[in-house]
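Source file: final29.txt. Holds: compact mmCIF, C-alpha atoms and all ligand atoms.
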# COMPACT_ATOMS: atom_id res chain seq x y z
CA MET A 1118 -11.17 -25.58 -5.89
CA ILE A 1119 -10.97 -21.83 -6.54
CA ARG A 1120 -14.05 -20.02 -7.84
CA GLN A 1121 -13.57 -16.92 -9.96
CA LEU A 1122 -15.98 -14.44 -11.47
CA ALA A 1123 -15.74 -13.77 -15.21
CA VAL A 1124 -17.58 -10.62 -16.24
CA VAL A 1125 -17.75 -9.18 -19.75
CA VAL A 1126 -17.73 -5.39 -19.88
CA PRO A 1127 -17.42 -2.76 -22.62
CA ALA A 1128 -13.77 -1.65 -22.95
CA GLU A 1129 -14.57 1.85 -21.70
CA GLU A 1130 -16.02 0.45 -18.45
CA VAL A 1131 -13.07 -1.78 -17.55
CA GLU A 1132 -11.60 0.58 -14.99
CA LEU A 1133 -14.94 1.38 -13.42
CA VAL A 1134 -15.83 -2.29 -12.92
CA SER A 1135 -12.29 -3.25 -11.88
CA ASP A 1136 -12.29 -0.53 -9.28
CA ARG A 1137 -15.62 -1.77 -7.94
CA LEU A 1138 -14.33 -5.35 -7.71
CA TRP A 1139 -11.04 -4.30 -6.08
CA GLY A 1140 -13.10 -2.41 -3.52
CA LEU A 1141 -14.88 -5.63 -2.56
CA GLY A 1142 -11.64 -7.48 -1.90
CA VAL A 1143 -10.15 -9.54 -4.69
CA LEU A 1144 -6.78 -11.22 -4.93
CA GLY A 1145 -6.35 -10.17 -8.52
CA ILE A 1146 -8.09 -9.33 -11.77
CA GLU A 1147 -7.00 -10.67 -15.15
CA GLU A 1148 -8.10 -9.00 -18.38
CA PHE A 1149 -8.84 -10.93 -21.58
CA ASP A 1150 -10.21 -9.90 -24.94
CA GLY A 1151 -13.95 -10.46 -24.43
CA THR A 1152 -14.38 -12.08 -27.86
CA SER A 1153 -11.66 -14.67 -27.36
CA ASN A 1154 -12.81 -15.75 -23.95
CA ARG A 1155 -15.24 -18.61 -23.67
CA THR A 1156 -17.86 -16.19 -22.41
CA GLY A 1157 -17.95 -14.91 -25.99
CA GLY A 1158 -18.57 -11.21 -25.63
CA PRO A 1159 -19.01 -8.93 -28.64
CA SER A 1160 -16.15 -6.98 -30.20
CA GLY A 1161 -14.95 -4.08 -28.02
CA THR A 1162 -15.54 -5.96 -24.81
CA VAL A 1163 -13.12 -7.14 -22.16
CA CYS A 1164 -13.55 -10.16 -19.95
CA LEU A 1165 -12.40 -9.49 -16.38
CA VAL A 1166 -11.66 -12.56 -14.31
CA ALA A 1167 -11.64 -11.71 -10.60
CA THR A 1168 -10.76 -13.96 -7.69
CA PRO A 1169 -12.51 -13.06 -4.42
CA ASP A 1170 -10.15 -12.89 -1.45
CA ASP A 1171 -12.54 -14.91 0.73
CA GLY A 1172 -13.68 -17.46 -1.86
CA ASP A 1173 -17.21 -16.01 -1.93
CA VAL A 1174 -17.87 -15.37 -5.60
CA ASP A 1175 -21.58 -14.59 -5.01
CA ARG A 1176 -20.62 -11.39 -3.26
CA LEU A 1177 -18.84 -10.23 -6.42
CA LEU A 1178 -21.72 -11.32 -8.62
CA ALA A 1179 -24.04 -8.98 -6.75
CA ALA A 1180 -21.75 -6.05 -7.57
CA VAL A 1181 -21.96 -6.37 -11.36
CA PRO A 1182 -25.68 -6.46 -12.17
CA GLY A 1183 -26.52 -6.16 -15.85
CA TYR A 1184 -23.21 -7.52 -17.18
CA PRO A 1185 -22.87 -11.02 -18.67
CA VAL A 1186 -21.17 -13.16 -16.02
CA SER A 1187 -20.05 -16.71 -15.45
CA VAL A 1188 -18.32 -18.52 -12.63
CA VAL A 1189 -15.00 -20.18 -13.46
CA GLU A 1190 -13.67 -23.02 -11.31
CA ILE A 1191 -10.01 -24.03 -11.27
CA ASP A 1192 -8.30 -26.66 -9.18
CA ASP A 1193 -5.89 -25.75 -6.40
CA ALA A 1194 -2.78 -26.98 -8.20
CA THR A 1195 -3.53 -24.86 -11.27
CA TRP A 1196 -4.18 -21.89 -9.03
CA ASP A 1197 -0.90 -22.36 -7.15
CA GLY A 1198 0.95 -22.60 -10.45
CA PHE A 1199 -0.77 -19.46 -11.65
CA LEU A 1200 0.12 -17.58 -8.46
CA ASP A 1201 3.75 -18.58 -8.74
CA ALA A 1202 4.12 -18.05 -12.51
CA TRP A 1203 4.94 -14.35 -12.17
CA ARG A 1204 7.94 -15.12 -9.97
CA ALA A 1205 9.97 -16.38 -12.88
CA ALA A 1206 9.62 -13.04 -14.62
CA ALA A 1207 10.02 -10.81 -11.56
CA GLU A 1208 12.70 -8.14 -11.73
CA PRO A 1209 14.05 -5.54 -9.31
CA VAL A 1210 12.05 -2.34 -9.40
CA ARG A 1211 13.32 1.14 -8.65
CA ALA A 1212 10.85 3.30 -6.75
CA GLY A 1213 11.35 6.90 -5.73
CA SER A 1214 14.88 8.12 -6.22
CA ARG A 1215 16.81 5.53 -4.23
CA VAL A 1216 14.67 2.59 -3.17
CA VAL A 1217 15.20 -0.65 -5.07
CA LEU A 1218 12.61 -3.38 -4.43
CA TRP A 1219 14.47 -6.61 -4.98
CA PRO A 1220 12.67 -9.98 -5.35
CA ALA A 1221 14.00 -11.99 -2.39
CA TRP A 1222 14.45 -15.17 -4.46
CA LEU A 1223 16.89 -13.51 -6.88
CA ALA A 1224 20.59 -13.34 -6.15
CA PRO A 1225 21.41 -10.13 -4.29
CA PRO A 1226 22.80 -7.26 -6.36
CA ASP A 1227 26.53 -7.42 -7.07
CA SER A 1228 26.75 -3.74 -6.54
CA ALA A 1229 24.33 -0.97 -5.82
CA GLU A 1230 24.61 2.77 -6.09
CA PRO A 1231 25.98 4.01 -2.76
CA ALA A 1232 22.76 5.82 -1.91
CA ASP A 1233 20.48 2.96 -2.96
CA LEU A 1234 18.29 1.37 -0.35
CA VAL A 1235 17.84 -2.23 -1.44
CA VAL A 1236 14.75 -3.85 0.07
CA ARG A 1237 14.47 -7.61 -0.38
CA LEU A 1238 10.84 -8.62 -0.67
CA ASP A 1239 8.82 -11.78 -1.03
CA PRO A 1240 5.14 -10.86 -1.23
CA GLY A 1241 4.07 -14.48 -0.82
CA ARG A 1242 0.34 -14.48 -1.52
CA ALA A 1243 -0.04 -10.79 -0.64
CA PHE A 1244 -0.06 -7.72 -2.90
CA GLY A 1245 2.99 -5.51 -3.11
CA SER A 1246 5.99 -6.60 -5.17
CA GLY A 1247 6.57 -3.05 -6.33
CA SER A 1248 5.57 -3.74 -9.90
CA HIS A 1249 2.32 -1.79 -9.54
CA PRO A 1250 2.45 1.99 -10.13
CA THR A 1251 0.55 2.71 -6.89
CA THR A 1252 3.17 0.94 -4.77
CA ARG A 1253 5.89 2.94 -6.49
CA LEU A 1254 3.96 6.19 -6.01
CA ALA A 1255 3.63 5.43 -2.31
CA VAL A 1256 7.33 4.55 -1.90
CA ALA A 1257 8.28 7.81 -3.62
CA ALA A 1258 5.93 9.78 -1.36
CA LEU A 1259 7.36 8.17 1.79
CA GLU A 1260 10.82 8.99 0.56
CA ARG A 1261 9.86 12.64 0.00
CA HIS A 1262 8.67 12.97 3.58
CA LEU A 1263 11.22 10.84 5.38
CA VAL A 1264 14.49 11.12 3.54
CA ASP A 1265 17.29 13.42 4.43
CA ALA A 1266 18.39 16.35 2.33
CA GLY A 1267 21.81 14.76 2.05
CA ILE A 1268 20.56 11.98 -0.19
CA ASP A 1269 19.60 14.23 -3.04
CA ASP A 1270 18.91 17.87 -3.58
CA ARG A 1271 15.49 17.91 -2.04
CA PRO A 1272 14.91 19.98 1.04
CA GLY A 1273 15.17 18.06 4.27
CA PRO A 1274 12.38 16.46 6.10
CA ALA A 1275 10.99 15.53 9.22
CA LEU A 1276 11.80 16.91 12.55
CA GLY A 1277 13.13 13.64 13.91
CA PRO A 1278 11.68 10.18 13.55
CA ARG A 1279 8.16 10.37 12.30
CA PRO A 1280 5.40 7.81 12.85
CA VAL A 1281 4.04 5.98 9.82
CA VAL A 1282 0.83 3.96 9.70
CA ASP A 1283 0.40 1.65 6.69
CA VAL A 1284 -3.28 0.79 6.17
CA GLY A 1285 -3.50 -2.22 3.86
CA CYS A 1286 0.13 -3.27 4.19
CA GLY A 1287 -0.05 -6.25 1.77
CA SER A 1288 3.50 -7.59 1.45
CA GLY A 1289 4.67 -4.96 3.93
CA VAL A 1290 6.60 -3.14 1.24
CA LEU A 1291 5.68 0.34 2.47
CA THR A 1292 6.07 -0.62 6.11
CA VAL A 1293 9.58 -1.92 5.51
CA VAL A 1294 10.57 1.06 3.36
CA ALA A 1295 9.23 3.48 5.99
CA ALA A 1296 11.14 1.73 8.77
CA LEU A 1297 14.34 1.66 6.73
CA LEU A 1298 13.94 5.35 5.97
CA GLY A 1299 13.83 6.14 9.66
CA ALA A 1300 10.12 6.31 10.50
CA ARG A 1301 9.39 5.46 14.13
CA PRO A 1302 7.19 3.82 15.13
CA VAL A 1303 5.75 2.04 12.10
CA THR A 1304 2.33 0.45 12.38
CA ALA A 1305 0.87 -1.85 9.73
CA VAL A 1306 -2.63 -3.30 9.44
CA ASP A 1307 -4.32 -5.48 6.86
CA THR A 1308 -7.52 -7.48 6.74
CA ASP A 1309 -5.84 -10.33 4.86
CA PRO A 1310 -3.99 -12.90 7.01
CA ALA A 1311 -1.56 -13.57 4.12
CA ALA A 1312 -0.54 -9.92 4.30
CA ILE A 1313 0.20 -10.13 8.01
CA GLU A 1314 2.43 -13.14 7.47
CA ALA A 1315 4.23 -11.53 4.52
CA THR A 1316 4.75 -8.25 6.37
CA GLN A 1317 6.20 -10.02 9.40
CA GLU A 1318 8.55 -12.02 7.21
CA ASN A 1319 9.65 -9.11 5.05
CA ALA A 1320 10.19 -6.83 8.05
CA ALA A 1321 12.36 -9.49 9.71
CA ALA A 1322 14.26 -10.23 6.49
CA ASN A 1323 15.16 -6.55 6.17
CA GLY A 1324 16.23 -6.16 9.78
CA VAL A 1325 13.30 -4.06 10.97
CA GLY A 1326 11.10 -6.78 12.47
CA GLU A 1327 11.50 -5.34 15.96
CA LEU A 1328 10.55 -1.86 14.84
CA VAL A 1329 7.11 -2.46 13.38
CA GLU A 1330 3.75 -3.25 14.94
CA ILE A 1331 1.56 -5.40 12.74
CA GLY A 1332 -2.15 -5.96 13.26
CA HIS A 1333 -4.70 -8.15 11.53
CA GLY A 1334 -7.63 -5.83 10.89
CA SER A 1335 -8.03 -2.27 9.81
CA THR A 1336 -8.07 1.29 11.11
CA GLU A 1337 -9.98 0.30 14.26
CA LEU A 1338 -6.74 -1.19 15.57
CA VAL A 1339 -4.87 2.10 15.40
CA PRO A 1340 -5.28 4.82 18.01
CA SER A 1341 -5.78 8.44 17.10
CA ALA A 1342 -2.65 10.28 15.99
CA SER A 1343 -1.15 6.89 16.57
CA THR A 1344 2.20 6.06 17.84
CA GLY A 1345 1.04 3.29 20.09
CA PRO A 1346 1.41 -0.43 19.63
CA ILE A 1347 -1.26 -2.89 18.71
CA ASP A 1348 -1.77 -5.76 21.08
CA SER A 1349 -2.57 -9.26 19.98
CA THR A 1350 -6.20 -8.92 21.00
CA GLY A 1351 -6.56 -6.17 18.49
CA SER A 1352 -7.02 -3.42 21.04
CA THR A 1353 -4.66 -0.51 21.17
CA ASP A 1354 -2.80 1.13 23.93
CA SER A 1355 -3.53 4.78 23.60
CA THR A 1356 -1.21 5.65 26.44
CA ALA A 1357 1.76 4.12 24.74
CA GLY A 1358 2.39 6.92 22.43
CA SER A 1359 5.80 7.81 21.57
CA ILE A 1360 8.62 5.48 21.19
CA ASP A 1361 11.30 7.76 22.49
CA SER A 1362 13.14 9.44 19.70
CA THR A 1363 16.32 8.95 21.65
CA ASP A 1364 15.79 5.20 21.33
CA SER A 1365 19.08 3.85 20.12
CA THR A 1366 17.33 1.80 17.46
CA ALA A 1367 15.84 4.91 15.97
CA GLY A 1368 17.50 6.27 12.89
CA SER A 1369 17.63 4.75 9.54
CA ILE A 1370 19.43 1.82 8.15
CA ASP A 1371 21.56 2.46 5.17
CA SER A 1372 21.98 0.22 2.20
CA THR A 1373 24.81 -1.62 3.83
CA GLY A 1374 22.53 -2.54 6.70
CA SER A 1375 24.28 -0.48 9.35
CA THR A 1376 22.38 1.95 11.48
CA GLY A 1377 22.98 5.61 11.27
CA SER A 1378 20.94 8.64 10.70
CA ILE A 1379 19.98 9.71 7.28
CA GLY A 1380 19.29 13.08 8.56
CA SER A 1381 16.64 14.19 10.88
CA THR A 1382 17.57 17.82 10.63
CA GLY A 1383 16.22 20.49 8.40
CA SER A 1384 12.63 21.28 7.78
CA THR A 1385 10.31 21.43 4.83
CA GLY A 1386 7.93 23.39 6.95
CA SER A 1387 5.75 20.34 6.72
CA SER A 1388 4.05 18.88 9.74
CA ALA A 1389 5.74 16.12 11.67
CA GLY A 1390 2.66 14.21 12.82
CA PRO A 1391 1.94 10.67 11.67
CA ILE A 1392 2.06 9.83 7.99
CA VAL A 1393 -0.82 7.54 7.14
CA VAL A 1394 -0.27 5.72 3.86
CA ALA A 1395 -3.15 3.80 2.29
CA ASN A 1396 -2.87 2.02 -1.04
CA LEU A 1397 -6.41 0.67 -1.34
CA THR A 1398 -9.06 1.66 -3.89
CA ALA A 1399 -10.82 4.97 -4.47
CA GLY A 1400 -14.06 3.64 -2.98
CA LEU A 1401 -12.41 2.26 0.14
CA VAL A 1402 -10.29 5.36 0.61
CA CYS A 1403 -13.40 7.59 0.45
CA GLU A 1404 -15.11 5.36 3.00
CA LEU A 1405 -12.08 5.36 5.32
CA VAL A 1406 -11.24 9.10 5.12
CA PRO A 1407 -12.73 9.87 8.58
CA GLU A 1408 -10.73 7.03 10.13
CA LEU A 1409 -7.51 7.84 8.28
CA ALA A 1410 -7.89 11.49 9.31
CA ARG A 1411 -8.48 10.49 12.93
CA ILE A 1412 -5.26 8.46 12.92
CA ALA A 1413 -3.22 11.23 11.28
CA GLY A 1414 -4.49 13.97 13.61
CA THR A 1415 -4.11 17.62 12.79
CA ASP A 1416 -0.34 17.49 12.22
CA GLY A 1417 -0.30 14.40 10.06
CA ARG A 1418 -0.37 13.66 6.35
CA LEU A 1419 -2.42 11.27 4.31
CA LEU A 1420 -0.74 9.54 1.37
CA LEU A 1421 -3.65 8.01 -0.51
CA THR A 1422 -3.36 5.83 -3.58
CA GLY A 1423 -4.87 2.87 -5.36
CA ILE A 1424 -6.87 5.62 -7.04
CA LEU A 1425 -7.43 5.79 -10.78
CA ASP A 1426 -6.88 9.28 -12.20
CA GLU A 1427 -10.57 9.71 -12.95
CA ARG A 1428 -11.49 8.98 -9.32
CA ALA A 1429 -9.13 11.60 -7.83
CA GLY A 1430 -11.97 14.14 -7.67
CA ASP A 1431 -14.14 11.79 -5.58
CA VAL A 1432 -11.37 11.30 -3.04
CA ALA A 1433 -10.57 15.03 -2.96
CA THR A 1434 -14.24 15.73 -2.24
CA ALA A 1435 -14.30 13.18 0.59
CA LEU A 1436 -11.19 14.81 2.04
CA GLU A 1437 -12.67 18.29 1.82
CA ARG A 1438 -15.81 17.11 3.58
CA HIS A 1439 -13.64 16.17 6.54
CA GLY A 1440 -11.55 19.35 6.67
CA TRP A 1441 -8.60 18.06 4.62
CA GLN A 1442 -7.16 19.23 1.33
CA VAL A 1443 -4.93 17.81 -1.36
CA ALA A 1444 -1.48 19.41 -1.11
CA GLU A 1445 0.14 17.45 -3.97
CA GLU A 1446 -0.87 14.97 -6.66
CA HIS A 1447 1.53 12.51 -8.24
CA HIS A 1448 0.59 10.43 -11.27
CA ASP A 1449 1.90 7.22 -12.79
CA ASP A 1450 0.35 5.31 -15.66
CA GLY A 1451 -3.28 6.23 -15.00
CA TRP A 1452 -3.00 6.07 -11.21
CA VAL A 1453 -2.71 8.92 -8.76
CA LEU A 1454 -1.37 9.44 -5.25
CA LEU A 1455 -2.99 12.26 -3.29
CA ASP A 1456 -0.84 13.80 -0.58
CA ALA A 1457 -3.22 15.57 1.80
CA VAL A 1458 -3.02 17.76 4.88
CA VAL A 1459 -5.55 19.39 7.18
CA ARG A 1460 -7.03 22.51 5.59
CA PRO A 1461 -5.69 25.58 7.40
CA ALA A 1462 -8.28 27.42 9.42
CA GLY A 1463 -9.83 30.56 7.93
C1 LIG A 1501 -3.34 -2.72 -3.17
S1 LIG A 1501 -2.84 -3.64 -1.76
C2 LIG A 1501 -1.54 -2.60 -1.16
C3 LIG A 1501 -0.37 -3.38 -0.65
C4 LIG A 1501 0.86 -2.53 -0.33
N1 LIG A 1501 0.59 -1.58 0.73
C5 LIG A 1501 1.37 -1.81 -1.55
O1 LIG A 1501 1.35 -0.58 -1.55
O2 LIG A 1501 1.81 -2.45 -2.50
C6 LIG A 1501 -4.18 -3.32 -0.68
C7 LIG A 1501 -4.15 -4.11 0.62
O3 LIG A 1501 -5.19 -3.59 1.44
C8 LIG A 1501 -5.80 -4.64 2.13
N2 LIG A 1501 -7.12 -4.16 2.53
C9 LIG A 1501 -8.26 -4.13 1.81
N3 LIG A 1501 -9.25 -3.57 2.51
C10 LIG A 1501 -8.70 -3.19 3.71
C11 LIG A 1501 -9.21 -2.52 4.86
N4 LIG A 1501 -10.47 -2.10 4.94
N5 LIG A 1501 -8.38 -2.29 5.90
C12 LIG A 1501 -7.08 -2.70 5.84
N6 LIG A 1501 -6.56 -3.35 4.78
C13 LIG A 1501 -7.35 -3.58 3.73
C14 LIG A 1501 -5.76 -5.80 1.16
O4 LIG A 1501 -5.85 -7.03 1.84
C15 LIG A 1501 -4.41 -5.59 0.48
O5 LIG A 1501 -3.39 -6.31 1.13

Can you turn what I pasted into structure tokens?
Amino acid sequence: MIRQLAVVVPAEEVELVSDRLWGLGVLGIEEFDGTSNRTGGPSGTVCLVATPDDGDVDRLLAAVPGYPVSVVEIDDATWDGFLDAWRAAAEPVRAGSRVVLWPAWLAPPDSAEPADLVVRLDPGRAFGSGSHPTTRLAVAALERHLVDAGIDDRPGPALGPRPVVDVGCGSGVLTVVAALLGARPVTAVDTDPAAIEATQENAAANGVGELVEIGHGSTELVPSASTGPIDSTGSTDSTAGSIDSTDSTAGSIDSTGSTGSIGSTGSTGSSAGPIVVANLTAGLVCELVPELARIAGTDGRLLLTGILDERAGDVATALERHGWQVAEEHHDDGWVLLDAVVRPAG
């Protein structure tokens, strides 16, 4: 039996309450017209039905005081059917300029543009099919910092393979994309066991299983300015820093699956420290800024999303408080990705 929270909120507070619930850990939130739902809200209300990721609906109840709420119970079979229903409608999604996120259960593409990087993904029960704007914003940001100038007309990137840390990896979509775009090493963490399983499977299915370190937990598993692996006990090896950039596995994998280097020459003038990507929620990102900054170190970048446009200011303030600044903002359908670097001295 799955227990869900149904909460009726005024239309203008939907994003505020959704953001709060996402921050507490939910598998998903459905929106219904408040008047048509059995909770019977007045006109202009929306009923949000949220499923806690740990089954504890009381924890969510405590976060929405003052709103009309009810607890909905559905049987496991209905829930499984609901979780799988979206698969029938899933379609490939283009993200950034050349990444194509391809549902793994669809027939592979007959042909792809020569520069396309087709990533076959099955999110299982984890988040991250590519259909959400924040995932696409994060893929595009990774591409900007990792991809070679030869792919398009953008200036070239990184000074050799660059570490990427994916905090809240979900399906592993960003981890896999980063590895395929040449990031080394790639570290992924998530508090949800379903995400760990999905990330392992998707990394293996895309030929980068050996290149990524995956840990069940959060930022505490990742050493400062991390390039080191996570061990199975959850501790980190801070001495194991750099996977040698001469490693023959380093370099990116092109859309045909062969290894090669999509350019590690050229410079944007950007730093080449770790890129820490976190697609979470505004509240969680604000809370984790000190940890994310610790992992990135002074030469790193933070790619922060899962943030509604109206919460961008809160995250920017949290960054500033810790000596960071927003270098770029990218928007998609009400969501923002903040690309941040350490504020220069003086
Ligand atoms: C919005 S999903 C992002 C998934 C994927 N990275 C993407 O971009 O599509 C957020 C993920 O963060 C995980 N998460 C939530 N709180 C976390 C925390 N404190 N540390 C690490 N992961 C967390 C969730 O389990 C979920 O898989």

**Prompt:** Near A:Leu1138, counting only C-alpha atoms, which residues have an atom at most 9 Å away, once you skip same-chain residues fewer than 3 positions from it, shown as JSON, numbers by chain?
**Reply:** {"A": [1133, 1134, 1135, 1141, 1142, 1143, 1146, 1167, 1169, 1177, 1180, 1181]}

**Fill in**
If you count all atoms listed in the file, the residue of A:Leu1405, A:Leu1436, A:Val1325, A:Leu1200 closest to ligand LIG 1501 (chain A) turns out to be A:Leu1405

**Message:** Give me, as a count of residues only, the set of residues whose atoms come within 7 Å of any atom of ligand LIG 1501 (chain A), counting only C-alpha atoms and all ligand atoms.
**Reply:** 31

**Item:** Atom-to-atom span, atom CA of A:His1333 and atom CA of A:Arg1253, Å
**Value:**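 Those two atoms sit 23.7 Å apart.
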
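The space between atom CA of A:Asn1319 and atom CA of A:Leu1238 spans 5.9 Å.
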
**Request:** Find the residues around A:Arg1460 up to 10 Å (all atoms listed in the file counted), leave out those fewer than 3 positions away in its own chain, and share them as a ChimeraX atom specification.
**Result:** /A:1415,1436-1437,1439-1444,1457,1463

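Taking atom CA of A:Ser1214 and atom CA of A:Leu1298 as the two end points, the separation is 12.5 Å.
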
**Message:** I'd like the neighbourhood of A:Leu1122 as a list in words, where a residue qualifies if any of its atoms comes within 9 Å (using only C-alpha atoms), though same-chain residues fewer than 3 positions away should be ignored.
**Reply:** Leu1165, Val1166, Ala1167, Thr1168, Pro1169, Val1174, Asp1175, Leu1177, Leu1178, Val1186, Ser1187, Val1188, Val1189 and Glu1190 of chain A

Save the residues we just selected, C-alpha atoms, as a PDB file, in the coordinates of the input?
ATOM      1  CA  LEU A1165     -12.400  -9.490 -16.380  1.00  0.00           C
ATOM      2  CA  VAL A1166     -11.660 -12.560 -14.310  1.00  0.00           C
ATOM      3  CA  ALA A1167     -11.640 -11.710 -10.600  1.00  0.00           C
ATOM      4  CA  THR A1168     -10.760 -13.960  -7.690  1.00  0.00           C
ATOM      5  CA  PRO A1169     -12.510 -13.060  -4.420  1.00  0.00           C
ATOM      6  CA  VAL A1174     -17.870 -15.370  -5.600  1.00  0.00           C
ATOM      7  CA  ASP A1175     -21.580 -14.590  -5.010  1.00  0.00           C
ATOM      8  CA  LEU A1177     -18.840 -10.230  -6.420  1.00  0.00           C
ATOM      9  CA  LEU A1178     -21.720 -11.320  -8.620  1.00  0.00           C
ATOM     10  CA  VAL A1186     -21.170 -13.160 -16.020  1.00  0.00           C
ATOM     11  CA  SER A1187     -20.050 -16.710 -15.450  1.00  0.00           C
ATOM     12  CA  VAL A1188     -18.320 -18.520 -12.630  1.00  0.00           C
ATOM     13  CA  VAL A1189     -15.000 -20.180 -13.460  1.00  0.00           C
ATOM     14  CA  GLU A1190     -13.670 -23.020 -11.310  1.00  0.00           C
TER      15      GLU A1190
END

**Item:** Residue neighbourhood A:Ala1205, 10 Å, all atoms listed in the file, exclusion window fewer than 4 positions, as an NGL selection string
**Value:** :A and (1201 or 1222-1223)
